[in-house]
file coords13.txt (compact mmCIF, N, CA and C atoms and all ligand atoms)
# COMPACT_ATOMS: atom_id res chain seq x y z
N MET A 1161 11.23 -15.69 -13.82
CA MET A 1161 10.04 -16.30 -13.24
C MET A 1161 9.13 -15.19 -12.73
N SER A 1162 7.87 -15.31 -13.03
CA SER A 1162 6.93 -14.27 -12.62
C SER A 1162 6.49 -14.47 -11.17
N LEU A 1163 5.93 -13.41 -10.63
CA LEU A 1163 5.47 -13.43 -9.25
C LEU A 1163 4.29 -14.38 -9.09
N THR A 1164 4.33 -15.20 -8.06
CA THR A 1164 3.17 -16.00 -7.67
C THR A 1164 2.78 -15.57 -6.26
N ILE A 1165 1.48 -15.55 -6.00
CA ILE A 1165 0.95 -15.10 -4.72
C ILE A 1165 0.01 -16.16 -4.18
N THR A 1166 0.07 -16.37 -2.87
CA THR A 1166 -0.79 -17.35 -2.23
C THR A 1166 -2.01 -16.66 -1.65
N CYS A 1167 -3.15 -16.85 -2.29
CA CYS A 1167 -4.42 -16.33 -1.78
C CYS A 1167 -4.86 -17.25 -0.62
N PRO A 1168 -5.34 -16.68 0.50
CA PRO A 1168 -5.76 -17.53 1.61
C PRO A 1168 -6.98 -18.39 1.28
N ILE A 1169 -7.75 -18.03 0.25
CA ILE A 1169 -8.92 -18.81 -0.13
C ILE A 1169 -8.60 -19.78 -1.27
N CYS A 1170 -7.90 -19.28 -2.31
CA CYS A 1170 -7.71 -20.05 -3.55
C CYS A 1170 -6.37 -20.77 -3.64
N GLY A 1171 -5.42 -20.38 -2.81
CA GLY A 1171 -4.11 -21.01 -2.88
C GLY A 1171 -3.16 -20.23 -3.78
N LYS A 1172 -2.07 -20.88 -4.19
CA LYS A 1172 -1.02 -20.22 -4.96
C LYS A 1172 -1.46 -20.02 -6.41
N ARG A 1173 -1.37 -18.76 -6.86
CA ARG A 1173 -1.81 -18.41 -8.22
C ARG A 1173 -0.82 -17.46 -8.86
N ASP A 1174 -0.96 -17.29 -10.18
CA ASP A 1174 -0.12 -16.36 -10.93
C ASP A 1174 -0.38 -14.93 -10.45
N GLY A 1175 0.67 -14.16 -10.34
CA GLY A 1175 0.56 -12.79 -9.84
C GLY A 1175 -0.32 -11.89 -10.68
N TYR A 1176 -0.52 -12.24 -11.94
CA TYR A 1176 -1.38 -11.41 -12.81
C TYR A 1176 -2.85 -11.43 -12.39
N GLU A 1177 -3.23 -12.38 -11.52
CA GLU A 1177 -4.62 -12.44 -11.05
C GLU A 1177 -4.88 -11.44 -9.92
N PHE A 1178 -3.81 -10.79 -9.44
CA PHE A 1178 -3.93 -9.95 -8.25
C PHE A 1178 -3.64 -8.49 -8.59
N ARG A 1179 -4.11 -7.61 -7.70
CA ARG A 1179 -3.78 -6.18 -7.79
C ARG A 1179 -3.15 -5.74 -6.47
N PHE A 1180 -2.06 -4.99 -6.61
CA PHE A 1180 -1.34 -4.48 -5.45
C PHE A 1180 -2.20 -3.44 -4.74
N GLY A 1181 -2.27 -3.53 -3.40
CA GLY A 1181 -3.07 -2.59 -2.62
C GLY A 1181 -2.26 -1.66 -1.75
N GLY A 1182 -0.95 -1.71 -1.87
CA GLY A 1182 -0.11 -0.80 -1.10
C GLY A 1182 0.55 -1.47 0.09
N GLU A 1183 1.46 -0.73 0.69
CA GLU A 1183 2.15 -1.21 1.87
C GLU A 1183 1.17 -1.33 3.04
N ASP A 1184 1.41 -2.30 3.89
CA ASP A 1184 0.64 -2.39 5.12
C ASP A 1184 1.26 -1.40 6.10
N LYS A 1185 0.50 -0.38 6.46
CA LYS A 1185 1.02 0.68 7.32
C LYS A 1185 0.58 0.52 8.76
N GLY A 1186 -0.04 -0.58 9.08
CA GLY A 1186 -0.48 -0.79 10.44
C GLY A 1186 -1.80 -0.09 10.68
N PRO A 1187 -2.19 0.04 11.95
CA PRO A 1187 -3.49 0.64 12.26
C PRO A 1187 -3.53 2.12 11.91
N ARG A 1188 -4.75 2.61 11.65
CA ARG A 1188 -4.95 4.04 11.38
C ARG A 1188 -4.52 4.86 12.59
N PRO A 1189 -4.05 6.09 12.35
CA PRO A 1189 -3.71 6.94 13.49
C PRO A 1189 -4.96 7.27 14.31
N ASP A 1190 -4.77 7.46 15.60
CA ASP A 1190 -5.86 7.80 16.50
C ASP A 1190 -6.48 9.14 16.07
N GLU A 1191 -7.81 9.21 16.06
CA GLU A 1191 -8.49 10.43 15.60
C GLU A 1191 -8.33 11.58 16.59
N ASP A 1192 -8.08 11.28 17.85
CA ASP A 1192 -7.88 12.34 18.83
C ASP A 1192 -6.57 13.06 18.52
N GLY A 1193 -6.69 14.34 18.20
CA GLY A 1193 -5.51 15.15 17.92
C GLY A 1193 -4.94 14.94 16.54
N LEU A 1194 -5.67 14.22 15.70
CA LEU A 1194 -5.17 13.97 14.34
C LEU A 1194 -5.19 15.26 13.53
N THR A 1195 -4.07 15.60 12.94
CA THR A 1195 -3.98 16.80 12.11
C THR A 1195 -4.08 16.40 10.64
N PRO A 1196 -4.49 17.34 9.77
CA PRO A 1196 -4.51 17.04 8.34
C PRO A 1196 -3.14 16.60 7.81
N GLN A 1197 -2.08 17.19 8.35
CA GLN A 1197 -0.73 16.82 7.89
C GLN A 1197 -0.41 15.37 8.26
N ARG A 1198 -0.74 14.98 9.51
CA ARG A 1198 -0.47 13.61 9.95
C ARG A 1198 -1.29 12.62 9.14
N TRP A 1199 -2.54 12.95 8.82
CA TRP A 1199 -3.38 12.06 8.01
C TRP A 1199 -2.84 11.95 6.59
N CYS A 1200 -2.42 13.06 6.03
CA CYS A 1200 -1.84 13.08 4.68
C CYS A 1200 -0.59 12.21 4.63
N GLU A 1201 0.24 12.31 5.66
CA GLU A 1201 1.46 11.49 5.70
C GLU A 1201 1.09 10.01 5.78
N TYR A 1202 0.10 9.67 6.60
CA TYR A 1202 -0.31 8.28 6.74
C TYR A 1202 -0.82 7.72 5.41
N VAL A 1203 -1.62 8.51 4.70
CA VAL A 1203 -2.24 8.04 3.47
C VAL A 1203 -1.23 7.99 2.31
N HIS A 1204 -0.40 9.01 2.19
CA HIS A 1204 0.39 9.16 0.96
C HIS A 1204 1.87 8.80 1.05
N LEU A 1205 2.45 8.80 2.23
CA LEU A 1205 3.88 8.51 2.33
C LEU A 1205 4.10 7.02 2.51
N ASN A 1206 5.06 6.48 1.77
CA ASN A 1206 5.39 5.06 1.84
C ASN A 1206 6.86 4.90 2.17
N GLU A 1207 7.18 3.76 2.79
CA GLU A 1207 8.58 3.50 3.11
C GLU A 1207 9.35 2.98 1.89
N CYS A 1208 8.71 2.29 0.99
CA CYS A 1208 9.35 1.75 -0.22
C CYS A 1208 10.61 0.96 0.14
N VAL A 1209 10.44 -0.04 0.96
CA VAL A 1209 11.55 -0.85 1.44
C VAL A 1209 12.17 -1.64 0.28
N ALA A 1210 13.48 -1.61 0.20
CA ALA A 1210 14.20 -2.48 -0.75
C ALA A 1210 14.51 -3.77 -0.01
N GLY A 1211 13.58 -4.69 -0.05
CA GLY A 1211 13.69 -5.93 0.71
C GLY A 1211 12.31 -6.42 1.05
N VAL A 1212 12.17 -7.09 2.17
CA VAL A 1212 10.89 -7.69 2.55
C VAL A 1212 10.00 -6.65 3.23
N GLN A 1213 8.79 -6.52 2.73
CA GLN A 1213 7.81 -5.65 3.37
C GLN A 1213 6.45 -6.33 3.33
N LYS A 1214 5.57 -5.90 4.25
CA LYS A 1214 4.21 -6.44 4.32
C LYS A 1214 3.32 -5.59 3.42
N GLU A 1215 2.53 -6.24 2.57
CA GLU A 1215 1.74 -5.53 1.56
C GLU A 1215 0.31 -6.07 1.49
N TRP A 1216 -0.59 -5.19 1.08
CA TRP A 1216 -1.98 -5.58 0.80
C TRP A 1216 -2.12 -5.97 -0.67
N TRP A 1217 -2.88 -7.05 -0.92
CA TRP A 1217 -3.18 -7.49 -2.28
C TRP A 1217 -4.64 -7.90 -2.33
N VAL A 1218 -5.24 -7.79 -3.51
CA VAL A 1218 -6.60 -8.26 -3.71
C VAL A 1218 -6.59 -9.26 -4.87
N HIS A 1219 -7.34 -10.33 -4.70
CA HIS A 1219 -7.44 -11.36 -5.75
C HIS A 1219 -8.54 -10.93 -6.72
N LYS A 1220 -8.19 -9.99 -7.59
CA LYS A 1220 -9.18 -9.34 -8.46
C LYS A 1220 -9.76 -10.29 -9.51
N ASP A 1221 -9.00 -11.25 -9.99
CA ASP A 1221 -9.52 -12.20 -10.98
C ASP A 1221 -9.88 -13.54 -10.35
N GLY A 1222 -10.10 -13.51 -9.05
CA GLY A 1222 -10.46 -14.74 -8.33
C GLY A 1222 -11.59 -14.48 -7.36
N CYS A 1223 -11.32 -14.73 -6.11
CA CYS A 1223 -12.37 -14.66 -5.09
C CYS A 1223 -12.66 -13.25 -4.59
N GLY A 1224 -11.80 -12.27 -4.91
CA GLY A 1224 -12.03 -10.89 -4.50
C GLY A 1224 -11.56 -10.58 -3.09
N SER A 1225 -10.87 -11.50 -2.46
CA SER A 1225 -10.42 -11.29 -1.08
C SER A 1225 -9.26 -10.32 -1.00
N TRP A 1226 -9.27 -9.51 0.06
CA TRP A 1226 -8.13 -8.66 0.42
C TRP A 1226 -7.34 -9.37 1.50
N PHE A 1227 -6.02 -9.35 1.39
CA PHE A 1227 -5.18 -10.02 2.39
C PHE A 1227 -3.78 -9.42 2.30
N THR A 1228 -2.96 -9.75 3.30
CA THR A 1228 -1.57 -9.27 3.30
C THR A 1228 -0.63 -10.44 3.07
N ILE A 1229 0.48 -10.11 2.42
CA ILE A 1229 1.58 -11.06 2.28
C ILE A 1229 2.88 -10.30 2.57
N HIS A 1230 3.94 -11.03 2.74
CA HIS A 1230 5.27 -10.43 2.79
C HIS A 1230 5.91 -10.71 1.43
N ARG A 1231 6.44 -9.63 0.82
CA ARG A 1231 7.07 -9.77 -0.49
C ARG A 1231 8.44 -9.12 -0.45
N ASP A 1232 9.41 -9.80 -1.06
CA ASP A 1232 10.74 -9.22 -1.24
C ASP A 1232 10.67 -8.34 -2.48
N SER A 1233 10.73 -7.03 -2.30
CA SER A 1233 10.55 -6.10 -3.41
C SER A 1233 11.75 -6.08 -4.35
N VAL A 1234 12.88 -6.58 -3.93
CA VAL A 1234 14.06 -6.64 -4.80
C VAL A 1234 13.96 -7.85 -5.73
N MET A 1235 13.63 -9.01 -5.16
CA MET A 1235 13.55 -10.24 -5.94
C MET A 1235 12.15 -10.45 -6.53
N ASN A 1236 11.17 -9.66 -6.06
CA ASN A 1236 9.77 -9.78 -6.47
C ASN A 1236 9.25 -11.20 -6.28
N VAL A 1237 9.41 -11.70 -5.04
CA VAL A 1237 8.90 -13.02 -4.68
C VAL A 1237 8.17 -12.91 -3.35
N GLU A 1238 7.14 -13.73 -3.20
CA GLU A 1238 6.44 -13.82 -1.93
C GLU A 1238 7.34 -14.53 -0.93
N VAL A 1239 7.35 -14.03 0.30
CA VAL A 1239 8.19 -14.60 1.34
C VAL A 1239 7.30 -15.18 2.43
N ALA A 1240 7.41 -16.48 2.65
CA ALA A 1240 6.56 -17.13 3.64
C ALA A 1240 7.03 -16.87 5.06
N THR A 1241 8.31 -16.75 5.26
CA THR A 1241 8.88 -16.54 6.60
C THR A 1241 9.74 -15.28 6.59
N PRO A 1242 9.10 -14.10 6.77
CA PRO A 1242 9.86 -12.83 6.67
C PRO A 1242 10.96 -12.71 7.70
N GLU A 1243 10.79 -13.35 8.86
CA GLU A 1243 11.83 -13.25 9.89
C GLU A 1243 13.13 -13.92 9.45
N ALA A 1244 13.06 -14.84 8.48
CA ALA A 1244 14.26 -15.52 8.00
C ALA A 1244 15.01 -14.70 6.95
N HIS A 1245 14.44 -13.58 6.52
CA HIS A 1245 15.05 -12.76 5.46
C HIS A 1245 15.64 -11.46 5.98
N LYS A 1246 15.87 -11.35 7.27
CA LYS A 1246 16.39 -10.09 7.81
C LYS A 1246 17.89 -10.07 7.77
ZN ZN A 1301 -8.60 -15.96 -4.06
call {"tool": "encode", "arguments": {"input": "coords13.txt", "output": "structure tokens"}}
result
Amino acid sequence: MSLTITCPICGKRDGYEFRFGGEDKGPRPDEDGLTPQRWCEYVHLNECVAGVQKEWWVHKDGCGSWFTIHRDSVMNVEVATPEAHK
């Protein structure tokens, strides 16, 4: 079964309509005292969780909205209640 993703505007659609935008890393680091190394780590290093992680997606073949979902990276399925998968 292929991945389906729930767009907040359009509803549940085939995963081929979307483009992965990366892991949700939380807020940007504070600019005060920010070093090039810390910024590089924030931009380029990923946790690559084997399990449920929060991710950015864009509905590229639909409304164009950016949004986050929780996806189980092992089963490649959207998870509506991530707290139930721990
Ligand atoms: Zn949409």
call {"tool": "residues_near_ligand", "arguments": {"input": "coords13.txt", "ligand": "ligand ZN 1301 (chain A)", "cutoff": "5 Å", "atoms": "only N, CA and C atoms and all ligand atoms", "output": "JSON list (two decimals) with N, CA and C atoms, in the coordinates of the input"}}
result
[["chain", "number", "residue", "atom", "x", "y", "z"],
["A", 1167, "CYS", "N", -3.15, -16.85, -2.29],
["A", 1167, "CYS", "CA", -4.42, -16.33, -1.78],
["A", 1167, "CYS", "C", -4.86, -17.25, -0.62],
["A", 1169, "ILE", "N", -7.75, -18.03, 0.25],
["A", 1169, "ILE", "CA", -8.92, -18.81, -0.13],
["A", 1169, "ILE", "C", -8.60, -19.78, -1.27],
["A", 1170, "CYS", "N", -7.90, -19.28, -2.31],
["A", 1170, "CYS", "CA", -7.71, -20.05, -3.55],
["A", 1170, "CYS", "C", -6.37, -20.77, -3.64],
["A", 1222, "GLY", "N", -10.10, -13.51, -9.05],
["A", 1222, "GLY", "CA", -10.46, -14.74, -8.33],
["A", 1222, "GLY", "C", -11.59, -14.48, -7.36],
["A", 1223, "CYS", "N", -11.32, -14.73, -6.11],
["A", 1223, "CYS", "CA", -12.37, -14.66, -5.09],
["A", 1223, "CYS", "C", -12.66, -13.25, -4.59],
["A", 1224, "GLY", "N", -11.80, -12.27, -4.91],
["A", 1224, "GLY", "CA", -12.03, -10.89, -4.50],
["A", 1224, "GLY", "C", -11.56, -10.58, -3.09]]
call {"tool": "atom_distance", "arguments": {"input": "coords13.txt", "atom1": "atom C of Val1209 (chain A)", "atom2": "atom C of Ser1233 (chain A)"}}
result
6.4 Å
call {"tool": "atom_distance", "arguments": {"input": "coords13.txt", "atom1": "atom C of Leu1205 (chain A)", "atom2": "CA of Arg1231 (chain A)"}}
result
17.3 Å
call {"tool": "select_by_dssp", "arguments": {"input": "coords13.txt", "residues": "chain A", "states": "strand (DSSP E)", "output": "PyMOL selection string"}}
result
chain A and resi 1164-1167+1171-1174+1179-1183+1212-1218+1226-1232+1237-1239
call {"tool": "atom_distance", "arguments": {"input": "coords13.txt", "atom1": "atom N of Arg1188 (chain A)", "atom2": "atom C of Gly1175 (chain A)"}}
result
27.0 Å
call {"tool": "residues_near_point", "arguments": {"input": "coords13.txt", "point": "(11.7, -11.5, 2.7)", "cutoff": "9 Å", "atoms": "only C-alpha atoms", "output": "PyMOL selection string"}}
result
chain A and resi 1211-1213+1230-1233+1235+1237-1246
call {"tool": "closest_residue", "arguments": {"input": "coords13.txt", "among": "A:Tyr1202, A:Val1234, A:Pro1168, A:Trp1226", "to": "Lys1185 (chain A)", "atoms": "only N, CA and C atoms"}}
result
A:Tyr1202
call {"tool": "closest_residue", "arguments": {"input": "coords13.txt", "among": "A:Gln1197, A:Asn1236, A:Asn1206, A:Ser1225", "to": "Glu1177 (chain A)", "atoms": "only C-alpha atoms"}}
result
A:Ser1225
call {"tool": "residues_around", "arguments": {"input": "coords13.txt", "residues": "Thr1228 (chain A)", "least_positions_apart": "3", "cutoff": "8 Å", "atoms": "only C-alpha atoms", "output": "PyMOL selection string"}}
result
chain A and resi 1184+1214-1217
call {"tool": "select_by_dssp", "arguments": {"input": "coords13.txt", "residues": "chain A", "states": "alpha helix (DSSP H)", "output": "list of chain:residue names"}}
result
A:Pro1196, A:Gln1197, A:Arg1198, A:Trp1199, A:Cys1200, A:Glu1201, A:Tyr1202, A:Val1203, A:His1204
call {"tool": "write_last_selection", "arguments": {"input": "coords13.txt", "atoms": "N, CA and C atoms", "output": "PDB file, in the frame of the given file"}}
result
ATOM      1  N   PRO A1196      -4.490  17.340   9.770  1.00  0.00           N
ATOM      2  CA  PRO A1196      -4.510  17.040   8.340  1.00  0.00           C
ATOM      3  C   PRO A1196      -3.140  16.600   7.810  1.00  0.00           C
ATOM      4  N   GLN A1197      -2.080  17.190   8.350  1.00  0.00           N
ATOM      5  CA  GLN A1197      -0.730  16.820   7.890  1.00  0.00           C
ATOM      6  C   GLN A1197      -0.410  15.370   8.260  1.00  0.00           C
ATOM      7  N   ARG A1198      -0.740  14.980   9.510  1.00  0.00           N
ATOM      8  CA  ARG A1198      -0.470  13.610   9.950  1.00  0.00           C
ATOM      9  C   ARG A1198      -1.290  12.620   9.140  1.00  0.00           C
ATOM     10  N   TRP A1199      -2.540  12.950   8.820  1.00  0.00           N
ATOM     11  CA  TRP A1199      -3.380  12.060   8.010  1.00  0.00           C
ATOM     12  C   TRP A1199      -2.840  11.950   6.590  1.00  0.00           C
ATOM     13  N   CYS A1200      -2.420  13.060   6.030  1.00  0.00           N
ATOM     14  CA  CYS A1200      -1.840  13.080   4.680  1.00  0.00           C
ATOM     15  C   CYS A1200      -0.590  12.210   4.630  1.00  0.00           C
ATOM     16  N   GLU A1201       0.240  12.310   5.660  1.00  0.00           N
ATOM     17  CA  GLU A1201       1.460  11.490   5.700  1.00  0.00           C
ATOM     18  C   GLU A1201       1.090  10.010   5.780  1.00  0.00           C
ATOM     19  N   TYR A1202       0.100   9.670   6.600  1.00  0.00           N
ATOM     20  CA  TYR A1202      -0.310   8.280   6.740  1.00  0.00           C
ATOM     21  C   TYR A1202      -0.820   7.720   5.410  1.00  0.00           C
ATOM     22  N   VAL A1203      -1.620   8.510   4.700  1.00  0.00           N
ATOM     23  CA  VAL A1203      -2.240   8.040   3.470  1.00  0.00           C
ATOM     24  C   VAL A1203      -1.230   7.990   2.310  1.00  0.00           C
ATOM     25  N   HIS A1204      -0.400   9.010   2.190  1.00  0.00           N
ATOM     26  CA  HIS A1204       0.390   9.160   0.960  1.00  0.00           C
ATOM     27  C   HIS A1204       1.870   8.800   1.050  1.00  0.00           C
TER      28      HIS A1204
END
call {"tool": "residues_around", "arguments": {"input": "coords13.txt", "residues": "Arg1173 (chain A)", "least_positions_apart": "3", "cutoff": "5 Å", "atoms": "only N, CA and C atoms", "output": "PDB file with N, CA and C atoms, keeping the file's coordinate frame"}}
result
ATOM      1  N   THR A1164       4.330 -15.200  -8.060  1.00  0.00           N
ATOM      2  CA  THR A1164       3.170 -16.000  -7.670  1.00  0.00           C
ATOM      3  C   THR A1164       2.780 -15.570  -6.260  1.00  0.00           C
ATOM      4  N   ILE A1165       1.480 -15.550  -6.000  1.00  0.00           N
ATOM      5  CA  ILE A1165       0.950 -15.100  -4.720  1.00  0.00           C
ATOM      6  C   ILE A1165       0.010 -16.160  -4.180  1.00  0.00           C
ATOM      7  N   THR A1166       0.070 -16.370  -2.870  1.00  0.00           N
ATOM      8  CA  THR A1166      -0.790 -17.350  -2.230  1.00  0.00           C
ATOM      9  C   THR A1166      -2.010 -16.660  -1.650  1.00  0.00           C
TER      10      THR A1166
END
